[in-house]
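What follows is the content of upload17.txt, which has compact mmCIF, C-alpha atoms:
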```
# COMPACT_ATOMS: atom_id res chain seq x y z
CA MET A 6 130.64 -0.93 88.82
CA SER A 7 129.52 1.18 86.02
CA VAL A 8 130.34 3.69 83.34
CA LEU A 9 130.54 7.48 83.48
CA HIS A 10 129.33 8.81 80.13
CA ILE A 11 130.70 12.26 79.27
CA VAL A 12 128.95 14.48 76.71
CA ASN A 13 130.64 17.69 75.54
CA LYS A 14 128.58 18.70 72.49
CA SER A 15 125.36 20.69 72.26
CA PRO A 16 122.28 18.50 71.68
CA TYR A 17 121.30 20.89 68.89
CA ASP A 18 124.60 20.58 67.04
CA ARG A 19 125.35 16.85 67.23
CA TYR A 20 123.69 13.56 68.11
CA SER A 21 126.20 12.83 70.92
CA LEU A 22 123.62 13.10 73.70
CA ASP A 23 121.07 10.91 71.89
CA THR A 24 123.68 8.27 71.10
CA CYS A 25 124.92 8.37 74.68
CA LEU A 26 121.44 7.92 76.13
CA ARG A 27 120.66 5.15 73.65
CA LEU A 28 123.79 3.20 74.61
CA ALA A 29 124.03 3.97 78.33
CA ARG A 30 122.91 1.16 80.65
CA PRO A 31 120.42 2.12 83.36
CA ASP A 32 122.95 2.09 86.21
CA SER A 33 125.44 4.33 84.43
CA ALA A 34 125.83 8.09 84.93
CA VAL A 35 126.00 11.00 82.52
CA LEU A 36 128.22 14.05 82.98
CA LEU A 37 127.52 17.12 80.85
CA ILE A 38 130.55 19.33 80.18
CA GLU A 39 131.52 22.13 77.77
CA ASP A 40 128.74 22.66 75.15
CA GLY A 41 127.06 19.51 76.50
CA ILE A 42 125.67 21.57 79.37
CA TYR A 43 123.08 23.18 77.07
CA ALA A 44 121.17 19.90 77.46
CA ALA A 45 120.58 20.83 81.13
CA LEU A 46 118.30 23.79 80.26
CA LYS A 47 114.57 23.63 81.03
CA ASN A 48 111.78 24.25 78.51
CA ALA A 49 113.95 23.39 75.52
CA ALA A 50 113.55 20.84 72.75
CA ALA A 51 115.95 18.39 74.45
CA SER A 52 114.52 18.82 77.99
CA GLU A 53 112.04 15.95 77.77
CA ARG A 54 114.74 13.48 76.68
CA VAL A 55 116.95 14.53 79.58
CA GLN A 56 114.04 14.34 82.03
CA GLN A 57 113.32 10.78 80.88
CA ALA A 58 116.99 9.88 81.21
CA LEU A 59 116.93 11.06 84.83
CA GLU A 60 114.64 8.11 85.64
CA ASN A 61 117.50 5.72 84.89
CA HIS A 62 120.68 7.74 85.27
CA GLN A 63 122.35 10.14 87.63
CA ILE A 64 123.03 13.23 85.52
CA TYR A 65 125.73 15.74 86.45
CA ALA A 66 126.70 19.08 84.92
CA LEU A 67 130.04 20.85 85.29
CA GLU A 68 129.38 24.18 87.00
CA PRO A 69 132.29 26.23 85.55
CA ASP A 70 130.97 25.39 82.06
CA LEU A 71 127.48 26.57 83.04
CA GLN A 72 128.86 29.83 84.44
CA ALA A 73 130.93 30.46 81.32
CA ARG A 74 127.82 30.13 79.18
CA GLY A 75 125.58 32.29 81.36
CA ILE A 76 123.29 29.45 82.43
CA ASN A 77 121.56 30.15 85.74
CA PRO A 78 121.19 26.94 87.82
CA ASP A 79 117.54 27.99 88.39
CA ASN A 80 116.95 27.36 84.69
CA MET A 81 118.27 23.82 84.88
CA ILE A 82 116.11 20.71 84.77
CA ASP A 83 115.37 19.54 88.33
CA GLY A 84 117.36 16.49 89.35
CA ILE A 85 120.62 17.35 87.59
CA SER A 86 123.51 17.64 90.07
CA LEU A 87 126.20 20.29 89.74
CA VAL A 88 129.86 19.34 90.15
CA ASP A 89 133.02 21.43 90.19
CA TYR A 90 136.41 20.28 88.83
CA ASP A 91 137.17 18.28 91.99
CA GLY A 92 133.77 16.63 91.66
CA PHE A 93 134.60 15.81 88.04
CA VAL A 94 137.79 14.05 89.13
CA LYS A 95 135.94 12.19 91.88
CA LEU A 96 133.31 10.96 89.39
CA THR A 97 136.00 9.56 87.12
CA THR A 98 137.37 7.56 90.08
CA ASP A 99 133.93 6.55 91.44
CA TYR A 100 133.05 4.86 88.16
CA ASP A 101 134.98 1.98 86.62
CA LYS A 102 135.31 3.61 83.23
CA SER A 103 134.75 6.92 81.53
CA GLN A 104 133.28 7.04 78.06
CA SER A 105 133.59 10.37 76.23
CA TRP A 106 131.11 10.82 73.38
CA LEU A 107 133.31 13.27 71.46
CA MET B 3 135.22 52.99 48.49
CA ALA B 4 131.69 51.88 47.77
CA THR B 5 129.72 50.67 50.75
CA LYS B 6 128.66 47.05 50.64
CA LYS B 7 126.19 45.19 52.78
CA PHE B 8 127.98 42.58 54.90
CA LEU B 9 126.17 39.91 56.90
CA TYR B 10 127.97 37.75 59.44
CA ILE B 11 126.04 34.56 60.24
CA ASN B 12 126.99 33.04 63.61
CA ARG B 13 125.85 29.47 64.23
CA LYS B 14 128.17 28.11 66.94
CA ALA B 15 128.06 28.16 70.74
CA PRO B 16 130.57 30.56 72.33
CA HIS B 17 133.12 28.69 74.44
CA GLY B 18 133.40 25.19 73.00
CA SER B 19 135.27 26.38 69.91
CA ILE B 20 137.04 29.54 68.76
CA TYR B 21 134.49 30.48 66.05
CA ALA B 22 132.44 32.96 68.09
CA GLN B 23 135.45 34.90 69.33
CA GLU B 24 137.05 34.98 65.88
CA SER B 25 133.81 36.17 64.32
CA LEU B 26 133.52 39.03 66.79
CA GLU B 27 137.09 40.13 66.06
CA VAL B 28 136.53 40.07 62.31
CA VAL B 29 133.29 42.04 62.71
CA LEU B 30 135.04 44.75 64.75
CA ILE B 31 137.87 45.00 62.22
CA ALA B 32 135.46 45.18 59.29
CA ALA B 33 133.37 47.79 61.09
CA ALA B 34 136.40 50.10 61.05
CA PHE B 35 136.12 50.15 57.23
CA GLU B 36 132.68 51.80 57.43
CA GLN B 37 130.77 49.09 55.66
CA ASP B 38 127.10 48.33 56.24
CA VAL B 39 127.41 45.46 58.72
CA SER B 40 124.67 43.19 60.03
CA LEU B 41 124.99 40.19 62.32
CA ALA B 42 122.72 37.16 62.44
CA PHE B 43 122.61 34.61 65.24
CA VAL B 44 121.14 31.25 64.26
CA ASP B 45 121.16 27.70 65.73
CA ASP B 46 123.65 27.41 68.65
CA GLY B 47 124.93 30.89 67.70
CA VAL B 48 122.12 32.38 69.80
CA TYR B 49 123.97 31.15 72.92
CA GLN B 50 126.72 33.71 72.16
CA LEU B 51 124.42 36.49 73.36
CA MET B 52 123.41 34.88 76.69
CA GLN B 53 123.58 37.24 79.67
CA ASN B 54 125.93 36.74 82.65
CA GLN B 55 128.62 34.65 80.97
CA ASP B 56 131.51 34.22 83.40
CA THR B 57 134.55 32.26 82.26
CA ALA B 58 136.65 32.93 85.40
CA ALA B 59 136.54 29.29 86.50
CA LEU B 60 137.48 28.12 82.99
CA GLY B 61 140.54 30.32 82.88
CA SER B 62 139.70 31.37 79.33
CA LYS B 63 139.07 34.88 78.03
CA ASN B 64 135.55 36.16 78.55
CA PHE B 65 134.92 37.95 75.27
CA SER B 66 131.15 38.28 75.82
CA PRO B 67 131.28 41.88 77.19
CA THR B 68 132.85 42.88 73.85
CA TYR B 69 129.47 42.45 72.11
CA ARG B 70 128.37 45.56 74.00
CA ALA B 71 130.98 47.58 72.08
CA LEU B 72 129.34 46.80 68.73
CA GLY B 73 126.98 49.77 69.05
CA ASP B 74 129.95 52.16 69.29
CA TYR B 75 131.25 50.73 66.01
CA GLU B 76 127.88 51.44 64.39
CA VAL B 77 127.13 47.74 64.21
CA ASN B 78 123.51 47.98 65.30
CA LYS B 79 121.63 45.53 63.10
CA ILE B 80 121.73 42.34 65.12
CA TYR B 81 119.22 39.71 64.08
CA VAL B 82 118.40 36.69 66.25
CA GLU B 83 116.27 33.95 64.76
CA GLN B 84 113.13 33.37 66.83
CA GLU B 85 112.95 29.67 65.94
CA SER B 86 116.49 29.05 67.22
CA LEU B 87 115.67 30.74 70.54
CA GLU B 88 112.46 28.77 71.02
CA LEU B 89 114.04 25.39 70.32
CA ARG B 90 116.54 26.12 73.11
CA GLY B 91 113.95 27.33 75.62
CA LEU B 92 115.26 30.89 75.38
CA ALA B 93 113.61 34.28 74.98
CA LYS B 94 114.94 37.78 74.26
CA ASP B 95 115.15 38.42 78.04
CA ASP B 96 117.83 35.74 78.30
CA LEU B 97 120.06 37.73 75.93
CA MET B 98 122.37 40.57 76.94
CA PRO B 99 120.94 44.01 76.14
CA LEU B 100 122.77 45.53 73.16
CA VAL B 101 122.10 49.14 72.33
CA TYR B 102 123.39 51.99 70.17
CA GLU B 103 122.94 55.76 70.04
CA ASP B 104 121.05 56.89 66.95
CA GLU B 105 122.74 60.02 65.57
CA ASP B 106 119.71 60.71 63.32
CA ASP B 107 117.43 60.79 66.37
CA ASP B 108 119.26 63.10 68.81
CA TRP B 109 121.50 60.22 69.98
CA ALA B 110 118.57 58.35 71.48
CA GLU B 111 119.58 54.96 72.85
CA LYS B 112 118.02 52.19 70.80
CA ASP B 113 117.91 48.43 70.86
CA SER B 114 120.31 46.72 68.42
CA ILE B 115 118.82 43.24 68.81
CA HIS B 116 115.93 42.29 66.57
CA VAL B 117 114.34 38.91 67.07
CA VAL B 118 113.17 37.87 63.60
CA SER B 119 111.37 34.89 62.09
CA SER B 120 113.07 32.50 59.69
CA ALA B 121 111.14 34.11 56.84
CA GLU B 122 112.33 37.58 57.83
CA LEU B 123 115.92 36.40 58.15
CA ALA B 124 115.70 34.75 54.74
CA GLU B 125 114.74 38.15 53.34
CA ILE B 126 117.67 39.84 55.12
CA ILE B 127 120.11 37.25 53.71
CA GLU B 128 118.71 37.92 50.25
CA GLN B 129 119.54 41.65 50.51
CA GLN B 130 123.28 41.23 51.25
CA ASP B 131 126.30 41.77 49.01
CA VAL B 132 128.68 39.66 51.09
CA ILE B 133 127.89 36.89 53.57
CA LEU B 134 130.48 35.48 55.98
CA ASN B 135 129.84 32.37 58.05
CA PHE B 136 131.18 31.45 61.46
```

Please lay out the structure from this file as structure tokens.
Amino acid sequence: MSVLHIVNKSPYDRYSLDTCLRLARPDSAVLLIEDGIYAALKNAAASERVQQALENHQIYALEPDLQARGINPDNMIDGISLVDYDGFVKLTTDYDKSQSWL
Amino acid sequence: MATKKFLYINRKAPHGSIYAQESLEVVLIAAAFEQDVSLAFVDDGVYQLMQNQDTAALGSKNFSPTYRALGDYEVNKIYVEQESLELRGLAKDDLMPLVYEDEDDDWAEKDSIHVVSSAELAEIIEQQDVILNF
């Protein structure tokens, strides 16, 4: 099985998302949490990179972190799946390993 | 006490660290000393003003409604850098409306948020006596 990559920093503040996508194998998944969820927004400078990544990876975003930051799911890039805290826990058990790009 | 021009520059997203909340508290305290206060939101700081922030599921304090109190403290010069908004796919409509009542204009309600270019913000920074960064 594969790796769950977790990104918790804004793509405009750090290179965490870029490094993650560069080093994530095609069958691995990406979970956006905390300030990482800003990468899920449409029509932004990072949107194209995320859209490309969706061709090779399942991408998830943690809904409570979206709500806290005022992000409407309608403004998210199509293809990103929302998870709640239970979904977060399930992902960490569905994948062999979790890798947090702190 | 002589009035000085204070500018608070906010460059961090709101809930991932304590900077935004601390900045807002300092601004409200400083406003009580009747100084000439301006706020600037640059880089990820623009996310602080997003509408409809709801931290209930996080279990952390939602301080975002407090920005609406700034007008009552006569903090009504709020500058948001256009370039920072655009890079993030945001526009002024995505930000919470912040207003104040202008005592020199029969208490007419006016917009506190000014979306400004980098060049305009550079000029505003130049005019300050004190600059504080969060």

For B:Ala33, work out the shell of residues within 12 Å, counting all atoms listed in the file and skipping chain neighbours fewer than 4 positions away, then give it as a list in words.
->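 The neighbour list is Thr5, Lys6, Lys7, Phe8, Leu9, Tyr10, Leu26, Glu27, Val28, Val29, Gln37, Asp38, Val39, Ser40, Leu41, Ala71, Leu72, Gly73, Asp74, Tyr75, Glu76, Val77 and Asn78 of chain B.
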
Taking only C-alpha atoms into account and nothing else, which residues of chain A lie no more than 7 Å away from chain B? Please answer as a PDB file with C-alpha atoms, in the frame of the given file.
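Result saved to iface-v6.pdb:
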```pdb
ATOM      1  CA  TYR A  17     121.300  20.890  68.890  1.00  0.00           C
ATOM      2  CA  GLU A  39     131.520  22.130  77.770  1.00  0.00           C
ATOM      3  CA  ASP A  40     128.740  22.660  75.150  1.00  0.00           C
ATOM      4  CA  LYS A  47     114.570  23.630  81.030  1.00  0.00           C
ATOM      5  CA  ASN A  48     111.780  24.250  78.510  1.00  0.00           C
ATOM      6  CA  ALA A  49     113.950  23.390  75.520  1.00  0.00           C
ATOM      7  CA  ALA A  50     113.550  20.840  72.750  1.00  0.00           C
ATOM      8  CA  PRO A  69     132.290  26.230  85.550  1.00  0.00           C
ATOM      9  CA  GLN A  72     128.860  29.830  84.440  1.00  0.00           C
ATOM     10  CA  ALA A  73     130.930  30.460  81.320  1.00  0.00           C
ATOM     11  CA  ARG A  74     127.820  30.130  79.180  1.00  0.00           C
ATOM     12  CA  GLY A  75     125.580  32.290  81.360  1.00  0.00           C
TER      13      GLY A  75
END
```

Spatial neighbours of B:Val44, 8 Å, only C-alpha atoms, chain gap at least 2 places, as a PyMOL selection string = chain B and resi 11-13+42+46-48+82-83+86

Any idea what the distance is between atom CA of A:Gly41 and atom CA of B:Asn135?
->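 So the two atoms, atom CA of A:Gly41 and atom CA of B:Asn135, lie 22.7 Å apart.
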
re atom CA of A:Ser21 and atom CA of A:Leu107: distance 7.1 Å

Spatial neighbours of A:Leu59, 10 Å, all atoms listed in the file, chain gap at least 6 places, as a list in words |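 In the requested form, the answer reads Pro31, Ala34, Val35, Glu53, Ile82, Asp83, Gly84 and Ile85 of chain A.
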
Selected residue of minimal separation from A:Thr97 among A:Ser15, A:Gln56, A:Leu36, A:Leu28, counting all atoms listed in the file |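 Answer, going by the shortest atom-to-atom distance: A:Leu36.
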
Atom CA of A:Lys95 and atom CA of A:Asp18 are how many Å apart?
-> 28.6 Å

Could you give me, as an MDAnalysis selection string, the residues within 9 Å of A:Ser105, counting only C-alpha atoms and dropping anything in the same chain fewer than 4 positions from it?
-> chainID A and resid 9:13

Rank nothing, just name the residue among A:Ile64, A:Asp70, A:Ser52, A:Ala58 nearest to A:Lys14, using only C-alpha atoms.
->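 The shortest atom-to-atom distance to A:Lys14 comes from A:Asp70.
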
Contacts of A:Ser86 at 8 Å (only C-alpha atoms; same-chain gap of 5+ positions) as a count of residues only | 4

Kindly output stretch 30-54 of chain B as a PDB file, in the frame of the given file, after building N, CA and C atoms.
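Written file, part.pdb:
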```pdb
ATOM      1  N   LEU B  30     134.542  43.460  64.247  1.00  0.00           N
ATOM      2  CA  LEU B  30     135.040  44.750  64.750  1.00  0.00           C
ATOM      3  C   LEU B  30     136.068  45.350  63.801  1.00  0.00           C
ATOM      4  N   ILE B  31     136.891  44.503  63.197  1.00  0.00           N
ATOM      5  CA  ILE B  31     137.870  45.000  62.220  1.00  0.00           C
ATOM      6  C   ILE B  31     137.148  45.547  60.995  1.00  0.00           C
ATOM      7  N   ALA B  32     136.192  44.766  60.491  1.00  0.00           N
ATOM      8  CA  ALA B  32     135.460  45.180  59.290  1.00  0.00           C
ATOM      9  C   ALA B  32     134.671  46.452  59.541  1.00  0.00           C
ATOM     10  N   ALA B  33     134.168  46.605  60.764  1.00  0.00           N
ATOM     11  CA  ALA B  33     133.370  47.790  61.090  1.00  0.00           C
ATOM     12  C   ALA B  33     134.200  49.058  60.956  1.00  0.00           C
ATOM     13  N   ALA B  34     135.515  48.943  61.168  1.00  0.00           N
ATOM     14  CA  ALA B  34     136.400  50.100  61.050  1.00  0.00           C
ATOM     15  C   ALA B  34     136.482  50.603  59.604  1.00  0.00           C
ATOM     16  N   PHE B  35     136.078  49.754  58.636  1.00  0.00           N
ATOM     17  CA  PHE B  35     136.120  50.150  57.230  1.00  0.00           C
ATOM     18  C   PHE B  35     134.797  50.766  56.754  1.00  0.00           C
ATOM     19  N   GLU B  36     133.938  51.108  57.712  1.00  0.00           N
ATOM     20  CA  GLU B  36     132.680  51.800  57.430  1.00  0.00           C
ATOM     21  C   GLU B  36     131.857  51.115  56.354  1.00  0.00           C
ATOM     22  N   GLN B  37     131.693  49.825  56.520  1.00  0.00           N
ATOM     23  CA  GLN B  37     130.770  49.090  55.660  1.00  0.00           C
ATOM     24  C   GLN B  37     129.436  48.958  56.396  1.00  0.00           C
ATOM     25  N   ASP B  38     128.428  48.535  55.641  1.00  0.00           N
ATOM     26  CA  ASP B  38     127.100  48.330  56.240  1.00  0.00           C
ATOM     27  C   ASP B  38     127.047  46.904  56.782  1.00  0.00           C
ATOM     28  N   VAL B  39     127.237  46.791  58.106  1.00  0.00           N
ATOM     29  CA  VAL B  39     127.410  45.460  58.720  1.00  0.00           C
ATOM     30  C   VAL B  39     126.154  45.045  59.483  1.00  0.00           C
ATOM     31  N   SER B  40     125.738  43.811  59.234  1.00  0.00           N
ATOM     32  CA  SER B  40     124.670  43.190  60.030  1.00  0.00           C
ATOM     33  C   SER B  40     125.191  41.880  60.587  1.00  0.00           C
ATOM     34  N   LEU B  41     124.657  41.490  61.732  1.00  0.00           N
ATOM     35  CA  LEU B  41     124.990  40.190  62.320  1.00  0.00           C
ATOM     36  C   LEU B  41     123.713  39.363  62.447  1.00  0.00           C
ATOM     37  N   ALA B  42     123.850  38.053  62.191  1.00  0.00           N
ATOM     38  CA  ALA B  42     122.720  37.160  62.440  1.00  0.00           C
ATOM     39  C   ALA B  42     123.185  36.051  63.385  1.00  0.00           C
ATOM     40  N   PHE B  43     122.325  35.695  64.312  1.00  0.00           N
ATOM     41  CA  PHE B  43     122.610  34.610  65.240  1.00  0.00           C
ATOM     42  C   PHE B  43     121.549  33.526  65.059  1.00  0.00           C
ATOM     43  N   VAL B  44     122.028  32.348  64.652  1.00  0.00           N
ATOM     44  CA  VAL B  44     121.140  31.250  64.260  1.00  0.00           C
ATOM     45  C   VAL B  44     121.668  29.969  64.923  1.00  0.00           C
ATOM     46  N   ASP B  45     120.781  28.979  65.098  1.00  0.00           N
ATOM     47  CA  ASP B  45     121.160  27.700  65.730  1.00  0.00           C
ATOM     48  C   ASP B  45     121.883  27.965  67.065  1.00  0.00           C
ATOM     49  N   ASP B  46     122.965  27.224  67.364  1.00  0.00           N
ATOM     50  CA  ASP B  46     123.650  27.410  68.650  1.00  0.00           C
ATOM     51  C   ASP B  46     124.319  28.784  68.753  1.00  0.00           C
ATOM     52  N   GLY B  47     124.382  29.529  67.660  1.00  0.00           N
ATOM     53  CA  GLY B  47     124.930  30.890  67.700  1.00  0.00           C
ATOM     54  C   GLY B  47     124.172  31.791  68.655  1.00  0.00           C
ATOM     55  N   VAL B  48     122.890  31.506  68.894  1.00  0.00           N
ATOM     56  CA  VAL B  48     122.120  32.380  69.800  1.00  0.00           C
ATOM     57  C   VAL B  48     122.698  32.341  71.220  1.00  0.00           C
ATOM     58  N   TYR B  49     123.364  31.244  71.580  1.00  0.00           N
ATOM     59  CA  TYR B  49     123.970  31.150  72.920  1.00  0.00           C
ATOM     60  C   TYR B  49     125.076  32.186  73.121  1.00  0.00           C
ATOM     61  N   GLN B  50     125.641  32.713  72.031  1.00  0.00           N
ATOM     62  CA  GLN B  50     126.720  33.710  72.160  1.00  0.00           C
ATOM     63  C   GLN B  50     126.244  34.952  72.899  1.00  0.00           C
ATOM     64  N   LEU B  51     124.944  35.241  72.793  1.00  0.00           N
ATOM     65  CA  LEU B  51     124.420  36.490  73.360  1.00  0.00           C
ATOM     66  C   LEU B  51     123.806  36.305  74.741  1.00  0.00           C
ATOM     67  N   MET B  52     123.967  35.113  75.350  1.00  0.00           N
ATOM     68  CA  MET B  52     123.410  34.880  76.690  1.00  0.00           C
ATOM     69  C   MET B  52     123.994  35.887  77.691  1.00  0.00           C
ATOM     70  N   GLN B  53     123.140  36.342  78.605  1.00  0.00           N
ATOM     71  CA  GLN B  53     123.580  37.240  79.670  1.00  0.00           C
ATOM     72  C   GLN B  53     124.459  36.489  80.668  1.00  0.00           C
ATOM     73  N   ASN B  54     125.225  37.249  81.456  1.00  0.00           N
ATOM     74  CA  ASN B  54     125.930  36.740  82.650  1.00  0.00           C
ATOM     75  C   ASN B  54     126.926  35.609  82.367  1.00  0.00           C
TER      76      ASN B  54
END
```
